[in-house]
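Novice: I have a structure here, written as structure tokens, and I will follow up with some questions on it.
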Amino acid sequence: MMTNNDISDIARQTDDYCFHSHTQFCDGRATMAEMAEAALNAGMKHYGFTPHSPITVESSCNMSRDSVGYYLAECDRLKDLYAGRMDIYAGMEIDYLGPQWGPASDYFQSLPLDYRIGSIHFVPTQKGEYVDIDGRFENFKWKMQEFFDNDIRWVTEQYFSQTHAMIDAGGFNIIGHFDKVGHNASHFRPGIEDESWFDTLLDGVIDHIAASGIIAEVNTKALADHHRTFPNRRLWHRLKKAGIPLIVNSDAHYPDLINAGRAETIRLLKSID
Ligand SMILES: [Zn+2]
Ligand SMILES: [Zn+2]
């Protein structure tokens, strides 16, 4: 198992790493073997797999509990295959739902993972039903009507209160794309991220991350298509000032996107002091 320092040290020593990726075990579009080969060809020295974790609600994007053993076995096989050329790590992007299900749960803590990402993709409705708010905007817009009575402030506040609860519960090394709700929310209500209550929520999360000692990723998955990172570039200065260790992950679901947005983001991030 890796410590937070192990991960931060790697990111300090080289730009040729990525600790967030998806494959055939969840909603990725290539096999682990194909992604590993693409990572090696992209010059990666350290590459982590992070399938979407098993989850207790219906979700086509998450891996099944039955497949976790196969996933870990494939990690072991690829670790051996690439030994001496590229270090491979068995990670997982674990969904936090509540005290009953998240990175800190006994089940996830008992898995022989090298590291864990904690992410919020699902938020509870007013009725306590969990809805995935992470996907495409067309789906998000439909779900806002269907499940949330178009209450965007509820969804945003739930996203961040779930984030706080996940940090309090702990059990993970890296917090995934911690302001991602802002992407769909700002399509739903342009300018929402400039509203003062939204910024106050972000401040609270940044303070909490800093106090917890976890690593924040800067996720570049949407940079090419949507011109933004998660967290947003305008927050980077605050994150650095708060002393939060940062790493840059592509969150690729396709081999040709393995490094997408990383070089540009790393360069910009280094230029901030
Ligand atoms: Zn995610
Ligand atoms: Zn992901």
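Every chain in the structure tokens takes a letter, A first, then B, and so on in the order presented; its residues are numbered from 1, and the ligands are numbered from 1 following the presented order.
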Contacts between ligand 1 and chain A, please, where a residue of chain A counts if it comes within 10 Å (with only C-alpha atoms and all ligand atoms); show its shortest atom pair and distance in Å to one decimal, rows by chain and ascending number, as a tab-separated table.
Specialist:
residue	atom	partner	partner_atom_place_in_ligand_line	distance
A:His20	CA	ligand 1	1 (Zn)	8.8
A:Ser21	CA	ligand 1	1 (Zn)	9.4
A:His22	CA	ligand 1	1 (Zn)	9.5
A:Thr50	CA	ligand 1	1 (Zn)	9.4
A:Pro51	CA	ligand 1	1 (Zn)	9.4
A:His52	CA	ligand 1	1 (Zn)	7.5
A:Glu93	CA	ligand 1	1 (Zn)	6.8
A:Ile94	CA	ligand 1	1 (Zn)	8.6
A:Asp95	CA	ligand 1	1 (Zn)	8.3
A:Ile117	CA	ligand 1	1 (Zn)	8.9
A:Gly118	CA	ligand 1	1 (Zn)	8.6
A:Ser119	CA	ligand 1	1 (Zn)	5.8
A:Ile120	CA	ligand 1	1 (Zn)	7.1
A:His121	CA	ligand 1	1 (Zn)	6.5
A:Asp134	CA	ligand 1	1 (Zn)	7.6
A:Gly135	CA	ligand 1	1 (Zn)	9.6
A:Ile175	CA	ligand 1	1 (Zn)	9.6
A:Gly176	CA	ligand 1	1 (Zn)	6.1
A:His177	CA	ligand 1	1 (Zn)	6.6
A:Phe178	CA	ligand 1	1 (Zn)	9.2
A:Lys180	CA	ligand 1	1 (Zn)	8.6
A:Asn219	CA	ligand 1	1 (Zn)	9.1
A:Lys221	CA	ligand 1	1 (Zn)	9.7
A:Asp251	CA	ligand 1	1 (Zn)	7.6
Novice: Near Pro99 (chain A), counting only C-alpha atoms, which residues have an atom at most 9 Å away, once you skip same-chain residues fewer than 6 positions from it, shown as a PyMOL selection string?
Specialist: chain A and resi 105+165-166+169
Novice: Those selected residues, please, written with C-alpha atoms and delivered as an mmCIF file, in the first residue's frame.
Specialist:
data_model
loop_
_atom_site.group_PDB
_atom_site.id
_atom_site.type_symbol
_atom_site.label_atom_id
_atom_site.label_comp_id
_atom_site.auth_asym_id
_atom_site.auth_seq_id
_atom_site.Cartn_x
_atom_site.Cartn_y
_atom_site.Cartn_z
ATOM 1 C CA SER A 105 -16.001 1.004 4.579
ATOM 2 C CA ALA A 165 -18.673 13.728 5.012
ATOM 3 C CA MET A 166 -16.349 11.657 2.811
ATOM 4 C CA ALA A 169 -14.809 9.413 7.124
#
Novice: So, with only C-alpha atoms as the atoms that count, which of A:Met35, A:Val205, A:Met144, A:Ile192 lies closest to Phe160 (chain A)?
Specialist: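 Smallest distance to Phe160 (chain A) is found for A:Val205.
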Novice: Determine the nearest neighbour of ligand 2 from the options A:Tyr254, A:Ile10, A:Gly43, A:Ile272, counting only C-alpha atoms and all ligand atoms.
Specialist: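 Nearest to ligand 2: A:Tyr254.
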Novice: Once DSSP has gone over the backbone, tell me which residues of region 108-171 of chain A are in helix (DSSP H, G or I), as a ChimeraX atom specification.
Specialist: /A:108-110,137-148,152-169
Novice: Rank nothing, just name the residue among A:Asn173, A:His164, A:Ala224, A:Ile244 nearest to Leu202 (chain A), using only C-alpha atoms.
Specialist: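 Distance minimum relative to Leu202 (chain A) lands on A:His164.
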Novice: Rank nothing, just name the residue among A:Thr31, A:Asn249, A:Gln100, A:Ser67 nearest to ligand 2, using only C-alpha atoms and all ligand atoms.
Specialist: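 Closest to ligand 2 of all the choices is A:Asn249.
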Novice: Can you list, as a PyMOL selection string, every protein, DNA or RNA residue that comes within 12 Å of Asp225 (chain A) when you count only C-alpha atoms, leaving out same-chain residues fewer than 4 positions away?
Specialist: chain A and resi 183+220-221+229+257+260-261
Novice: Tell me, which residues of region 37-172 of chain A carry DSSP strand (DSSP E or B), written as a list in words?
Specialist: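 Selecting the strand (DSSP E or B) positions of region 37-172 of chain A gives His46, Tyr47, Gly48, Phe49, His52, Asp87, Ile88, Tyr89, Ala90, Glu93, Ile94, Asp95, Gly98, Trp101, Ile117, Gly118, Ser119, Phe122, Val123, Pro124, Tyr130, Val131 and Asp132 of chain A.
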Novice: Emit the selected residues as a CSV table (one decimal), in the first residue's frame, including C-alpha atoms.
Specialist:
chain,number,residue,atom,x,y,z
A,46,HIS,CA,4.0,5.3,-12.9
A,47,TYR,CA,0.5,4.2,-13.9
A,48,GLY,CA,-2.5,3.6,-11.7
A,49,PHE,CA,-5.8,1.9,-12.5
A,52,HIS,CA,-15.3,2.9,-10.5
A,87,ASP,CA,5.4,0.8,-12.2
A,88,ILE,CA,1.7,-0.2,-12.2
A,89,TYR,CA,-0.6,0.3,-9.2
A,90,ALA,CA,-3.9,-1.2,-8.3
A,93,GLU,CA,-12.1,5.3,-7.6
A,94,ILE,CA,-14.5,4.7,-4.7
A,95,ASP,CA,-17.9,6.2,-4.6
A,98,GLY,CA,-22.9,7.8,3.1
A,101,TRP,CA,-20.7,3.0,1.8
A,117,ILE,CA,-9.4,7.8,-4.8
A,118,GLY,CA,-12.5,9.1,-3.1
A,119,SER,CA,-15.1,10.7,-5.4
A,122,PHE,CA,-24.0,10.4,-6.7
A,123,VAL,CA,-26.0,12.8,-4.5
A,124,PRO,CA,-29.2,12.1,-2.5
A,130,TYR,CA,-29.1,8.4,-4.9
A,131,VAL,CA,-28.8,9.9,-8.4
A,132,ASP,CA,-25.6,10.0,-10.5
